[in-house]
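A.B. asks: My questions will all concern the structure given below.
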Amino acid sequence: MRAWVMAVALASVGTSAMAADGAGQEVTAPATTGDLTLARVFGSPDLSGSQPRALKLSPDGRMLTFLRPRADEKERSDLWARDTSTGAERMLLDSKKVGSGAELSEAEKMQRERARIGGSKGIVAYEWSPDGKTILVPLDGDLYLAALDGTVTRLTSIPGGELNPIVSPHGGYVSFVRDQNLFAQPLFGGTAHAVTTGGGGTVHFGEAEFVAQEEMHRFTGYWWSPDERHIAVERFDEAPVHVATRASIGAAGTKTYDQRYPAAGTPNALVALYVMKPDGSGEVKVDLGADPDIYLARVDWTPDGKTLLVQRQSRDQKTLDMLRVDPITGKASVMFTEKSGERSWLNLSDDYRAMKDGSLIWRSERDGFGHLYRWKAGQWTQLTKGDWVVTGLVGVDEAKGRLYFTGTKDDVLEQQLYQVDIAHPGVVTRLTERGFTHGASMDAAATRFIISRSGPSQPAQVYMADTAGKRIAWINENAVVPGHPYYPYLASHRETKFGTIKAADGTTLYWEMITPKIAPGKTYPVFFQHYGGPGTGQQVTRGWQGALPQFLVDEGWIFFQIDNRGSYNRGKTFEDAIYHAMGTVEVEDQLAGANYLKSLPFVDGAKIATYGWSYGGYMSLKMLEKTPGVYAAAVSGAPVTDWQLYDTHYTERYLGDPAKDPASYATSAAIEDAANIKDPLLLIHGMADDNVFLDNSTKVVARMQETDTPFEMMFYPGYTHRVGGPVISQHVWNTILEFLDRNVKNKPAK
């Protein structure tokens with residue numbers, strides 16, 4: 001369960017009453033200000049400013065392309081281009097003028113849900129051709145080729161649409177999945193031909209199976225060799241997977257789906273890997289070993305195209321083998337193996353790179369923290385070290401032997417960009433500015449960065465930088481100055497404060513808080529937000545994340561959140577505390593946060609409300625069940641209530657096999673103890689949720705009803721795990737706040 005970033009559940013806004021512009025100069029807040037409203041928080045244009053995404057440099061570096069949200073419809077994006085020498089920008093593709101407007105296939109809708117872009121409209125992805133003259137754009141289920149002069153060619157017009165489209169490495173083909181088979185079509189004219197023909201029924205070629213998309217962050221099932229001579233193609237068969245009959249309850253009726261859903265302890269899809277030529281001939285099966293019950297975690301080619309690298313993960317996720325595969329014979333050998341501790345697991349990573357000299361840059365948590373290593377000829381060299389984590393491998397300059405990465409070396413709350421030379425392990429240089437948290441990408445030649453940053457007083461900015469981190473040009477300065485969407489609300493913006501407390505075992509926990517202007521002798525209610533689950537990023541960072549918390553503060557709430565043990569980016573010991581113990585240490589650490597709040601003179605300790613979605617919704621239930629009377633009320637959104645209802649790869653990573661450890665599943669469930677809830681509860685769920693099935697909430701509802709336990713609920717017809725978007729987000733939050741105002745903020749003291 002990767003963290004769902006709901007449009008209706010934004011995390012904190014770390015801002016002060018002064019907003020820094022791109023040059024670091026402070027901008028005086030306006031003398032007068034409007035009032036934040038929910039309609040404006042969720043309306044268009046985005047209060048955080050226009051945020052370009054999917055930024056890519058053209059192969060020759062002359063153009064920078066990106067997706068830009070429309071000012072009048074922030075969920076819809078168009079394709080734009082910027083001349084890197086002049087800075088001139090123009091729209092390359094208008095999503096409202098190109099495209100058929102056809103409804104997406106169910107398969108593509110589900111893929112978008114897995115990729116967390118289910119609410120996005122217009123253009124959501126694109127890809128440059130290798131010659132830099134055209135751009136492949138999927139739109140409304142079909143494929144288009146956009147030229148730089150503004151002309152657009154439609155490549156496909158087959159009902160059902162295409163999945164996973166890409167341009168082959170030399171630009172000879174556009175490939176895609178159609179009707180559960182892989183197809184290849186000449187990029188500049190010609191008929192598509194089937195590379196595979198065996199797909200149909202429960203068998204799929206070229207796609208990633210459900211758990212790969214949902215939990216492993218792998219969204220494709222085929223990989224071209226760099227020389228375009230071969231394609232590695234995944235085949236999976238869902239026949240063994242349990243069929244869950246899922247009702248998708250909409251406003252105008254109900255549809256039922258027999259969804260192949262691999263719940264914890266049940267069979268996964270059978271996965272195989274083949275290598276073949278672009279015309280489908282010369283097929284060989286890759287030897288993935290004798291045990292069929294494994295995960296195909298990652299697949300890559302070496303730069304010369306002569307070797308396929310396959311990461312094979314064991315079902316219990318305690319062993320990961322890097323396989324070296326001969327694409328001609330399919331024979332595999334083990335390059336190296338990663339093993340977890342006894343009470344731990346292995347986190348998958350995309351932070352690795354096969355080098356031209358045969359070595360491999362690899363991120364590992366073998367010393368307890370995520371760091372970079374170099375593997376060469378069976379020998380390991382650790383390149384970074386310390387009680388901090390590498391969060392991403394950004395780029396590699398092989399000629400200079402230099403690596404660029406993001407990490408938390410200087411501050412656990414700030415992600416910075418760094419460099420380290422292979423020849424000088426441990427000598428790490430920071431390239432970005434303190435006070436902000438950063439993300440970065442780099443061109444393949446390792447000559448330039450595209451850096452995004454935000455800070456407690458600055459919404460996201462994007463700029464281009466050289467290899468020393470020096471800014472070359474702003475791509476999106478996004479300064480909060482007159483004309484910026486947020487500027488009218490700046491005067492009432494409150495500062496975000498950060499601090500630490502200790503967990504029961506002495507572990508340091510980080511919190512953040514935004515308060516109204518404190519009046520002497522007055523106490524305030526608290527909106528205590530949490531997520532709490534493992535395998536996800538931090539919630540508490542020095543970054544700008546939206547305007548919703550400031551609206552809550554304007555309404556008289558203190559906004560507060562804390563990162564508990566079990567969450568990511570603090571090292572394995574911190575994360576492993578949740579092993580076979582969901583619903584324990586997270587609840588303890590949130591209680592420590594509540595007790596800290598109650599010690600503050602300006603907090604009304606009897607009016608602390610808690611809120612969470614997904615794993616956070618599960619936490620809301622467990623917090624009321626295990627610590628009654630601590631929280632004045634709780635909101636539980638789309639909670640997992642029985643972990644045997646959730647999928648294999650996520651659940652078994654932390655709780656193991658339910659047949660081998662039924663006790664952990666029993667104690668982690670939130671259904672039986674729901675009868676013990678005495679504090680006010682609001683339960684929210686989308687009635688078409690295909691990730692956390694509605695059954696999770698209805699089981700709790702039934703338990704509370706049969707035990708005459710009072711609660712309130714709001715279910716949303718037609719909505720999936722993301723209950724958000726224009727207007728509906730306002731309804732969600734009006735419902736939440738009416739409930740909390742009635743049961744917490746405006747409730748008379750006893």
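Every chain in the structure tokens has a letter given in the order shown (A, B, ...), and although residue numbers restart at 1 in each chain, ligands are simply numbered from 1 in the order shown.
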Got a sec: who's within 12 Å of stretch 284-289 of chain A, counting only C-alpha atoms, leaving out chain neighbours fewer than 6 positions off, as an MDAnalysis selection string?
C.D. replies: chainID A and resid 230:235 270:277 295:297 299 307:314 321:334
A.B. asks: Keeping only N, CA, C and O atoms, write those residues as a compact mmCIF listing (two decimals), in the first residue's frame.
C.D. replies:
# COMPACT_ATOMS: atom_id res chain seq x y z
N HIS A 230 16.41 -7.28 -29.38
CA HIS A 230 15.60 -8.19 -28.58
C HIS A 230 14.62 -7.42 -27.70
O HIS A 230 14.83 -6.23 -27.39
N ILE A 231 13.59 -8.13 -27.28
CA ILE A 231 12.64 -7.62 -26.28
C ILE A 231 12.48 -8.70 -25.21
O ILE A 231 12.25 -9.87 -25.54
N ALA A 232 12.63 -8.30 -23.96
CA ALA A 232 12.28 -9.19 -22.85
C ALA A 232 10.82 -8.95 -22.53
O ALA A 232 10.40 -7.79 -22.35
N VAL A 233 10.03 -10.00 -22.48
CA VAL A 233 8.58 -9.87 -22.32
C VAL A 233 8.09 -10.74 -21.16
O VAL A 233 8.36 -11.94 -21.12
N GLU A 234 7.40 -10.12 -20.25
CA GLU A 234 6.77 -10.87 -19.16
C GLU A 234 5.48 -11.53 -19.64
O GLU A 234 4.71 -10.94 -20.40
N ARG A 235 5.27 -12.73 -19.18
CA ARG A 235 3.99 -13.42 -19.34
C ARG A 235 3.47 -13.74 -17.95
O ARG A 235 4.20 -14.28 -17.12
N LEU A 270 1.06 -16.57 -11.89
CA LEU A 270 2.25 -17.29 -12.33
C LEU A 270 2.98 -16.41 -13.34
O LEU A 270 2.42 -16.02 -14.36
N VAL A 271 4.24 -16.10 -13.04
CA VAL A 271 5.00 -15.15 -13.85
C VAL A 271 6.15 -15.86 -14.54
O VAL A 271 6.87 -16.67 -13.94
N ALA A 272 6.33 -15.57 -15.82
CA ALA A 272 7.45 -16.07 -16.60
C ALA A 272 8.03 -14.92 -17.42
O ALA A 272 7.38 -13.89 -17.61
N LEU A 273 9.26 -15.12 -17.91
CA LEU A 273 9.93 -14.09 -18.69
C LEU A 273 10.53 -14.73 -19.94
O LEU A 273 11.17 -15.79 -19.86
N TYR A 274 10.32 -14.08 -21.07
CA TYR A 274 10.82 -14.58 -22.35
C TYR A 274 11.65 -13.49 -23.03
O TYR A 274 11.44 -12.29 -22.79
N VAL A 275 12.57 -13.90 -23.88
CA VAL A 275 13.31 -12.98 -24.72
C VAL A 275 13.04 -13.37 -26.17
O VAL A 275 13.08 -14.57 -26.52
N MET A 276 12.76 -12.39 -27.01
CA MET A 276 12.44 -12.66 -28.41
C MET A 276 12.88 -11.49 -29.27
O MET A 276 13.22 -10.41 -28.77
N LYS A 277 12.86 -11.69 -30.56
CA LYS A 277 13.17 -10.63 -31.51
C LYS A 277 11.93 -9.75 -31.70
O LYS A 277 10.81 -10.16 -31.37
N TYR A 295 8.69 -13.33 -7.02
CA TYR A 295 8.31 -12.05 -7.63
C TYR A 295 9.36 -11.65 -8.66
O TYR A 295 10.56 -11.70 -8.38
N LEU A 296 8.90 -11.26 -9.83
CA LEU A 296 9.77 -10.66 -10.85
C LEU A 296 9.84 -9.18 -10.51
O LEU A 296 8.94 -8.41 -10.86
N ALA A 297 10.89 -8.80 -9.80
CA ALA A 297 10.93 -7.46 -9.22
C ALA A 297 11.35 -6.39 -10.22
O ALA A 297 10.70 -5.35 -10.36
N VAL A 299 13.62 -5.75 -14.21
CA VAL A 299 14.29 -6.29 -15.40
C VAL A 299 15.00 -5.15 -16.10
O VAL A 299 14.41 -4.08 -16.31
N THR A 307 23.46 -8.69 -22.10
CA THR A 307 23.06 -9.39 -20.88
C THR A 307 21.78 -8.77 -20.34
O THR A 307 21.61 -7.55 -20.34
N LEU A 308 20.91 -9.63 -19.86
CA LEU A 308 19.69 -9.20 -19.20
C LEU A 308 19.89 -9.35 -17.70
O LEU A 308 20.36 -10.38 -17.23
N LEU A 309 19.56 -8.32 -16.95
CA LEU A 309 19.66 -8.35 -15.50
C LEU A 309 18.25 -8.46 -14.91
O LEU A 309 17.38 -7.64 -15.20
N VAL A 310 18.05 -9.49 -14.11
CA VAL A 310 16.73 -9.76 -13.55
C VAL A 310 16.84 -9.85 -12.03
O VAL A 310 17.67 -10.59 -11.50
N GLN A 311 15.99 -9.11 -11.35
CA GLN A 311 15.93 -9.20 -9.89
C GLN A 311 14.78 -10.14 -9.50
O GLN A 311 13.62 -9.88 -9.81
N ARG A 312 15.15 -11.21 -8.83
CA ARG A 312 14.19 -12.23 -8.39
C ARG A 312 14.04 -12.14 -6.88
O ARG A 312 14.99 -12.33 -6.12
N GLN A 313 12.82 -11.84 -6.45
CA GLN A 313 12.56 -11.69 -5.01
C GLN A 313 11.76 -12.89 -4.51
O GLN A 313 10.80 -13.34 -5.15
N SER A 314 12.14 -13.41 -3.35
CA SER A 314 11.43 -14.55 -2.77
C SER A 314 10.05 -14.12 -2.28
O SER A 314 9.80 -12.95 -2.01
N ASP A 321 17.76 -12.05 -5.40
CA ASP A 321 18.87 -12.48 -6.24
C ASP A 321 18.95 -11.60 -7.47
O ASP A 321 17.93 -11.36 -8.14
N MET A 322 20.13 -11.10 -7.79
CA MET A 322 20.38 -10.43 -9.06
C MET A 322 20.87 -11.49 -10.03
O MET A 322 21.94 -12.07 -9.84
N LEU A 323 20.08 -11.74 -11.07
CA LEU A 323 20.41 -12.76 -12.05
C LEU A 323 21.02 -12.13 -13.29
O LEU A 323 20.55 -11.09 -13.77
N ARG A 324 22.05 -12.78 -13.80
CA ARG A 324 22.65 -12.42 -15.08
C ARG A 324 22.15 -13.43 -16.11
O ARG A 324 22.38 -14.63 -15.97
N VAL A 325 21.45 -12.95 -17.15
CA VAL A 325 20.78 -13.85 -18.09
C VAL A 325 21.38 -13.69 -19.49
O VAL A 325 21.55 -12.56 -19.97
N ASP A 326 21.66 -14.82 -20.14
CA ASP A 326 22.08 -14.83 -21.53
C ASP A 326 20.82 -14.75 -22.40
O ASP A 326 19.99 -15.66 -22.38
N PRO A 327 20.63 -13.67 -23.15
CA PRO A 327 19.39 -13.53 -23.92
C PRO A 327 19.25 -14.51 -25.07
O PRO A 327 18.15 -14.69 -25.59
N ILE A 328 20.33 -15.15 -25.46
CA ILE A 328 20.26 -16.11 -26.57
C ILE A 328 19.77 -17.47 -26.08
O ILE A 328 18.98 -18.14 -26.76
N THR A 329 20.19 -17.86 -24.88
CA THR A 329 19.82 -19.18 -24.36
C THR A 329 18.80 -19.13 -23.23
O THR A 329 18.15 -20.14 -22.94
N GLY A 330 18.69 -18.00 -22.57
CA GLY A 330 17.81 -17.87 -21.42
C GLY A 330 18.41 -18.38 -20.13
O GLY A 330 17.78 -18.31 -19.07
N LYS A 331 19.65 -18.87 -20.17
CA LYS A 331 20.29 -19.38 -18.97
C LYS A 331 20.66 -18.23 -18.03
O LYS A 331 21.10 -17.17 -18.47
N ALA A 332 20.50 -18.50 -16.72
CA ALA A 332 20.73 -17.46 -15.71
C ALA A 332 21.73 -17.94 -14.68
O ALA A 332 21.81 -19.13 -14.36
N SER A 333 22.50 -17.00 -14.15
CA SER A 333 23.39 -17.25 -13.02
C SER A 333 23.23 -16.12 -12.03
O SER A 333 22.84 -15.00 -12.39
N VAL A 334 23.53 -16.40 -10.77
CA VAL A 334 23.35 -15.40 -9.71
C VAL A 334 24.61 -14.54 -9.60
O VAL A 334 25.69 -15.06 -9.33
A.B. asks: Find the spatial neighbours of A:Phe176, counting only C-alpha atoms, within a cut-off of 6 Å - ignore same-chain residues fewer than 5 positions away - and output them as a VMD selection string.
C.D. replies: chain A and resid 162 to 165 182 to 183
A.B. asks: Could you write those residues out with N, CA and C atoms, as a PDB file, in the first residue's frame?
C.D. replies:
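Below is the file out-v8.pdb, written as the result:
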ATOM      1  N   GLU A 162      -4.585   1.164 -26.178  1.00  0.00           N
ATOM      2  CA  GLU A 162      -3.247   0.589 -26.040  1.00  0.00           C
ATOM      3  C   GLU A 162      -2.685   0.904 -24.657  1.00  0.00           C
ATOM      4  N   LEU A 163      -1.968  -0.048 -24.097  1.00  0.00           N
ATOM      5  CA  LEU A 163      -1.330   0.119 -22.795  1.00  0.00           C
ATOM      6  C   LEU A 163       0.188   0.138 -22.958  1.00  0.00           C
ATOM      7  N   ASN A 164       0.862   0.775 -22.039  1.00  0.00           N
ATOM      8  CA  ASN A 164       2.322   0.753 -21.924  1.00  0.00           C
ATOM      9  C   ASN A 164       3.042   1.123 -23.225  1.00  0.00           C
ATOM     10  N   PRO A 165       2.644   2.202 -23.909  1.00  0.00           N
ATOM     11  CA  PRO A 165       3.318   2.539 -25.168  1.00  0.00           C
ATOM     12  C   PRO A 165       4.689   3.163 -24.925  1.00  0.00           C
ATOM     13  N   LEU A 182       1.625  -8.165 -26.813  1.00  0.00           N
ATOM     14  CA  LEU A 182       2.545  -7.091 -27.161  1.00  0.00           C
ATOM     15  C   LEU A 182       2.557  -6.902 -28.669  1.00  0.00           C
ATOM     16  N   PHE A 183       2.467  -5.641 -29.103  1.00  0.00           N
ATOM     17  CA  PHE A 183       2.513  -5.277 -30.512  1.00  0.00           C
ATOM     18  C   PHE A 183       3.661  -4.304 -30.758  1.00  0.00           C
TER      19      PHE A 183
END
A.B. asks: At most 12 Å is the cut-off: for each residue in stretch 348-411 of chain A with any atom that close to an atom of stretch 213-223 of chain A, write down the nearest atom pair and the distance in Å rounded to one decimal, counting only C-alpha atoms, chain first then increasing number, as a Markdown table.
C.D. replies:
| residue | atom | partner | partner_atom | distance |
| --- | --- | --- | --- | --- |
| A:Leu348 | CA | A:Met216 | CA | 7.0 |
| A:Ser349 | CA | A:Met216 | CA | 8.8 |
| A:Asp350 | CA | A:His217 | CA | 8.8 |
A.B. asks: Could you dump the residues just selected with N, CA and C atoms as a PDB file, in the first residue's frame?
C.D. replies:
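Once written, selection_18.pdb looks like this:
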ATOM      1  N   LEU A 348      12.375  -2.991  -2.102  1.00  0.00           N
ATOM      2  CA  LEU A 348      12.812  -2.864  -3.489  1.00  0.00           C
ATOM      3  C   LEU A 348      13.214  -1.429  -3.771  1.00  0.00           C
ATOM      4  N   SER A 349      14.065  -1.261  -4.785  1.00  0.00           N
ATOM      5  CA  SER A 349      14.581   0.067  -5.098  1.00  0.00           C
ATOM      6  C   SER A 349      14.782   0.211  -6.599  1.00  0.00           C
ATOM      7  N   ASP A 350      14.645   1.428  -7.090  1.00  0.00           N
ATOM      8  CA  ASP A 350      14.994   1.752  -8.476  1.00  0.00           C
ATOM      9  C   ASP A 350      16.351   2.449  -8.559  1.00  0.00           C
TER      10      ASP A 350
END
A.B. asks: Please identify all polymer residues within 12 Å of A:Asp661, counting only C-alpha atoms, omitting same-chain residues fewer than 6 positions from it, and present them as a PyMOL selection string.
C.D. replies: chain A and resi 264-265+579-581+644+652+654-655+667-668
A.B. asks: My list of candidates is A:Met63, A:Arg298, A:Glu228, A:Val389. Which is closest to A:Gly571 when distances are computed with only C-alpha atoms?
C.D. replies: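 For A:Gly571, the nearest of the given residues is A:Val389.
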A.B. asks: Could you tell me, as a PyMOL selection string, which residues of stretch 386-627 of chain A DSSP assigns to alpha helix (DSSP H) when given the backbone?
C.D. replies: chain A and resi 548-554+572-576+585-598+615-626
A.B. asks: Using the selection just defined, write its residues with N, CA, C and O atoms as a compact mmCIF listing (two decimals), in the first residue's frame.
C.D. replies:
# COMPACT_ATOMS: atom_id res chain seq x y z
N LEU A 548 -4.57 23.22 2.42
CA LEU A 548 -5.62 22.73 3.31
C LEU A 548 -5.32 22.92 4.79
O LEU A 548 -6.19 23.38 5.55
N PRO A 549 -4.12 22.58 5.27
CA PRO A 549 -3.86 22.80 6.70
C PRO A 549 -4.00 24.26 7.12
O PRO A 549 -4.44 24.54 8.24
N GLN A 550 -3.64 25.18 6.22
CA GLN A 550 -3.80 26.59 6.57
C GLN A 550 -5.27 26.97 6.66
O GLN A 550 -5.65 27.79 7.50
N PHE A 551 -6.11 26.36 5.84
CA PHE A 551 -7.55 26.57 5.97
C PHE A 551 -8.03 26.08 7.34
O PHE A 551 -8.82 26.74 8.01
N LEU A 552 -7.54 24.90 7.76
CA LEU A 552 -7.93 24.37 9.06
C LEU A 552 -7.51 25.30 10.19
O LEU A 552 -8.25 25.52 11.15
N VAL A 553 -6.30 25.86 10.07
CA VAL A 553 -5.82 26.80 11.08
C VAL A 553 -6.67 28.07 11.07
O VAL A 553 -7.02 28.61 12.12
N ASP A 554 -7.03 28.54 9.87
CA ASP A 554 -7.93 29.70 9.79
C ASP A 554 -9.26 29.43 10.48
O ASP A 554 -9.91 30.35 11.00
N LYS A 572 16.52 1.00 8.83
CA LYS A 572 15.79 -0.25 8.99
C LYS A 572 15.32 -0.50 10.43
O LYS A 572 14.23 -1.03 10.65
N THR A 573 16.11 -0.14 11.43
CA THR A 573 15.68 -0.38 12.81
C THR A 573 14.39 0.38 13.09
O THR A 573 13.46 -0.16 13.71
N PHE A 574 14.32 1.61 12.63
CA PHE A 574 13.12 2.44 12.82
C PHE A 574 11.93 1.81 12.11
O PHE A 574 10.83 1.71 12.66
N GLU A 575 12.15 1.33 10.90
CA GLU A 575 11.07 0.75 10.10
C GLU A 575 10.69 -0.64 10.60
O GLU A 575 9.50 -1.00 10.65
N ASP A 576 11.68 -1.43 10.98
CA ASP A 576 11.43 -2.82 11.37
C ASP A 576 10.62 -2.97 12.65
O ASP A 576 10.17 -4.07 12.98
N VAL A 585 3.22 -0.27 17.55
CA VAL A 585 4.14 0.85 17.80
C VAL A 585 3.64 2.13 17.17
O VAL A 585 3.89 3.23 17.69
N GLU A 586 2.90 2.02 16.04
CA GLU A 586 2.39 3.25 15.42
C GLU A 586 1.38 3.94 16.35
O GLU A 586 1.37 5.16 16.50
N VAL A 587 0.54 3.12 16.98
CA VAL A 587 -0.45 3.65 17.91
C VAL A 587 0.24 4.24 19.14
O VAL A 587 -0.13 5.31 19.63
N GLU A 588 1.28 3.55 19.63
CA GLU A 588 2.04 4.06 20.78
C GLU A 588 2.67 5.41 20.47
O GLU A 588 2.64 6.33 21.30
N ASP A 589 3.23 5.55 19.27
CA ASP A 589 3.92 6.80 18.94
C ASP A 589 2.95 7.94 18.70
O ASP A 589 3.24 9.10 19.03
N GLN A 590 1.78 7.64 18.12
CA GLN A 590 0.77 8.69 17.99
C GLN A 590 0.25 9.10 19.37
O GLN A 590 -0.02 10.28 19.61
N LEU A 591 0.18 8.15 20.30
CA LEU A 591 -0.21 8.48 21.68
C LEU A 591 0.83 9.39 22.32
O LEU A 591 0.48 10.33 23.05
N ALA A 592 2.11 9.12 22.05
CA ALA A 592 3.16 10.00 22.57
C ALA A 592 2.96 11.42 22.04
O ALA A 592 3.16 12.41 22.77
N GLY A 593 2.55 11.52 20.76
CA GLY A 593 2.27 12.84 20.20
C GLY A 593 1.09 13.50 20.88
O GLY A 593 1.12 14.70 21.17
N ALA A 594 0.03 12.72 21.16
CA ALA A 594 -1.14 13.27 21.84
C ALA A 594 -0.79 13.74 23.25
O ALA A 594 -1.24 14.80 23.70
N ASN A 595 0.01 12.94 23.96
CA ASN A 595 0.41 13.33 25.31
C ASN A 595 1.26 14.59 25.29
O ASN A 595 1.16 15.44 26.19
N TYR A 596 2.11 14.72 24.28
CA TYR A 596 2.90 15.95 24.15
C TYR A 596 1.97 17.15 23.93
O TYR A 596 2.15 18.20 24.57
N LEU A 597 1.00 16.99 23.06
CA LEU A 597 0.06 18.08 22.81
C LEU A 597 -0.65 18.49 24.09
O LEU A 597 -0.83 19.68 24.37
N LYS A 598 -1.04 17.50 24.89
CA LYS A 598 -1.78 17.81 26.11
C LYS A 598 -0.93 18.51 27.16
O LYS A 598 -1.47 19.10 28.10
N TYR A 615 -3.92 3.60 5.05
CA TYR A 615 -3.31 3.10 6.29
C TYR A 615 -3.64 4.05 7.44
O TYR A 615 -3.84 3.61 8.58
N GLY A 616 -3.71 5.33 7.14
CA GLY A 616 -4.10 6.29 8.17
C GLY A 616 -5.52 6.06 8.66
O GLY A 616 -5.82 6.27 9.84
N GLY A 617 -6.42 5.61 7.77
CA GLY A 617 -7.77 5.27 8.20
C GLY A 617 -7.77 4.07 9.13
O GLY A 617 -8.52 4.01 10.11
N TYR A 618 -6.94 3.09 8.81
CA TYR A 618 -6.74 1.93 9.70
C TYR A 618 -6.24 2.40 11.06
O TYR A 618 -6.73 1.96 12.11
N MET A 619 -5.27 3.33 11.03
CA MET A 619 -4.73 3.86 12.28
C MET A 619 -5.80 4.56 13.12
O MET A 619 -5.83 4.43 14.35
N SER A 620 -6.70 5.31 12.46
CA SER A 620 -7.76 5.98 13.21
C SER A 620 -8.58 4.98 14.02
O SER A 620 -8.90 5.21 15.19
N LEU A 621 -8.91 3.85 13.39
CA LEU A 621 -9.67 2.82 14.11
C LEU A 621 -8.88 2.24 15.27
O LEU A 621 -9.39 2.10 16.39
N LYS A 622 -7.61 1.88 15.00
CA LYS A 622 -6.79 1.27 16.05
C LYS A 622 -6.55 2.24 17.21
O LYS A 622 -6.50 1.83 18.38
N MET A 623 -6.42 3.53 16.90
CA MET A 623 -6.17 4.52 17.95
C MET A 623 -7.39 4.65 18.87
O MET A 623 -7.25 4.78 20.08
N LEU A 624 -8.60 4.59 18.29
CA LEU A 624 -9.80 4.63 19.14
C LEU A 624 -9.97 3.34 19.91
O LEU A 624 -10.41 3.34 21.07
N GLU A 625 -9.62 2.22 19.28
CA GLU A 625 -9.79 0.92 19.93
C GLU A 625 -8.80 0.71 21.08
O GLU A 625 -9.17 0.17 22.13
N LYS A 626 -7.56 1.14 20.90
CA LYS A 626 -6.50 0.82 21.87
C LYS A 626 -6.26 1.93 22.89
O LYS A 626 -5.67 1.68 23.94
A.B. asks: Write out as an NGL selection string the set of residues from stretch 112-225 of chain A that DSSP, computed on the backbone, places in strand (DSSP E or B).
C.D. replies: :A and (121-122 or 127-128 or 134-139 or 142-147 or 152-154 or 163-167 or 173-178 or 181-186 or 193-194 or 200 or 203-206 or 221-224)
A.B. asks: Looking at only C-alpha atoms, which of A:His530, A:Tyr418, A:Glu706, A:Tyr719 is the one that sits closest to A:Ala634?
C.D. replies: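 So, comparing all the options, the nearest one is A:His530.
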A.B. asks: Identify which of the residues A:Val540, A:Val692, A:Ile472, A:Leu104 lies closest to A:Asp411, counting only C-alpha atoms when measuring atom-to-atom distances.
C.D. replies: A:Val540
A.B. asks: Quick one: residues within 10 Å of A:Trp388, only C-alpha atoms, excluding same-chain residues fewer than 6 positions away - as an mmCIF file with N, CA and C atoms, in the first residue's frame?
C.D. replies:
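Here's the written file selection14.cif:
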data_model
loop_
_atom_site.group_PDB
_atom_site.id
_atom_site.type_symbol
_atom_site.label_atom_id
_atom_site.label_comp_id
_atom_site.auth_asym_id
_atom_site.auth_seq_id
_atom_site.Cartn_x
_atom_site.Cartn_y
_atom_site.Cartn_z
ATOM 1 N N GLY A 368 21.984 -1.134 7.597
ATOM 2 C CA GLY A 368 20.920 -0.558 8.410
ATOM 3 C C GLY A 368 20.342 0.721 7.853
ATOM 4 N N PHE A 369 21.041 1.323 6.874
ATOM 5 C CA PHE A 369 20.552 2.540 6.236
ATOM 6 C C PHE A 369 20.733 2.400 4.726
ATOM 7 N N GLY A 370 19.874 3.048 3.962
ATOM 8 C CA GLY A 370 19.961 2.957 2.511
ATOM 9 C C GLY A 370 21.154 3.715 1.973
ATOM 10 N N HIS A 371 22.139 3.001 1.417
ATOM 11 C CA HIS A 371 23.351 3.648 0.891
ATOM 12 C C HIS A 371 23.752 3.061 -0.454
ATOM 13 N N GLY A 407 19.423 12.646 -0.794
ATOM 14 C CA GLY A 407 19.531 11.988 0.495
ATOM 15 C C GLY A 407 19.249 12.950 1.633
ATOM 16 N N THR A 408 19.386 12.436 2.862
ATOM 17 C CA THR A 408 19.059 13.211 4.067
ATOM 18 C C THR A 408 20.283 13.409 4.953
ATOM 19 N N LYS A 409 21.461 13.502 4.340
ATOM 20 C CA LYS A 409 22.700 13.581 5.109
ATOM 21 C C LYS A 409 22.735 14.768 6.065
ATOM 22 N N ASP A 410 22.249 15.924 5.648
ATOM 23 C CA ASP A 410 22.352 17.130 6.468
ATOM 24 C C ASP A 410 21.189 17.306 7.440
ATOM 25 N N ASP A 411 20.041 16.759 7.090
ATOM 26 C CA ASP A 411 18.861 16.964 7.925
ATOM 27 C C ASP A 411 17.816 15.942 7.502
ATOM 28 N N VAL A 412 17.297 15.191 8.458
ATOM 29 C CA VAL A 412 16.321 14.150 8.144
ATOM 30 C C VAL A 412 15.053 14.736 7.534
ATOM 31 N N ASN A 569 12.507 6.123 5.539
ATOM 32 C CA ASN A 569 13.556 7.160 5.487
ATOM 33 C C ASN A 569 14.248 7.411 6.817
ATOM 34 N N ARG A 570 14.121 6.498 7.766
ATOM 35 C CA ARG A 570 14.813 6.650 9.044
ATOM 36 C C ARG A 570 15.710 5.447 9.344
ATOM 37 N N GLY A 571 15.892 4.577 8.381
ATOM 38 C CA GLY A 571 16.723 3.398 8.606
ATOM 39 C C GLY A 571 15.893 2.178 8.953
#
A.B. asks: Pick from A:Ile135, A:Ala749, A:Val462, A:Ala577: nearest to A:Ser50, with only C-alpha atoms counted?
C.D. replies: A:Val462
A.B. asks: I'd like the interatomic distance between atom CA of A:Asp94 and atom CA of A:Gly132, to a tenth of an Å.
C.D. replies: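 Computing it gives 19.8 Å between the two atoms.
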A.B. asks: At most 9 Å is the cut-off: for each residue in stretch 96-135 of chain A with any atom that close to an atom of stretch 722-743 of chain A, write down the nearest atom pair and the distance in Å rounded to one decimal, counting only C-alpha atoms, chain first then increasing number, as CSV.
C.D. replies:
residue,atom,partner,partner_atom,distance
A:Glu113,CA,A:Arg722,CA,8.5
A:Arg116,CA,A:Arg722,CA,8.5
A:Gly118,CA,A:Arg722,CA,7.7
A:Gly119,CA,A:Gly725,CA,6.9
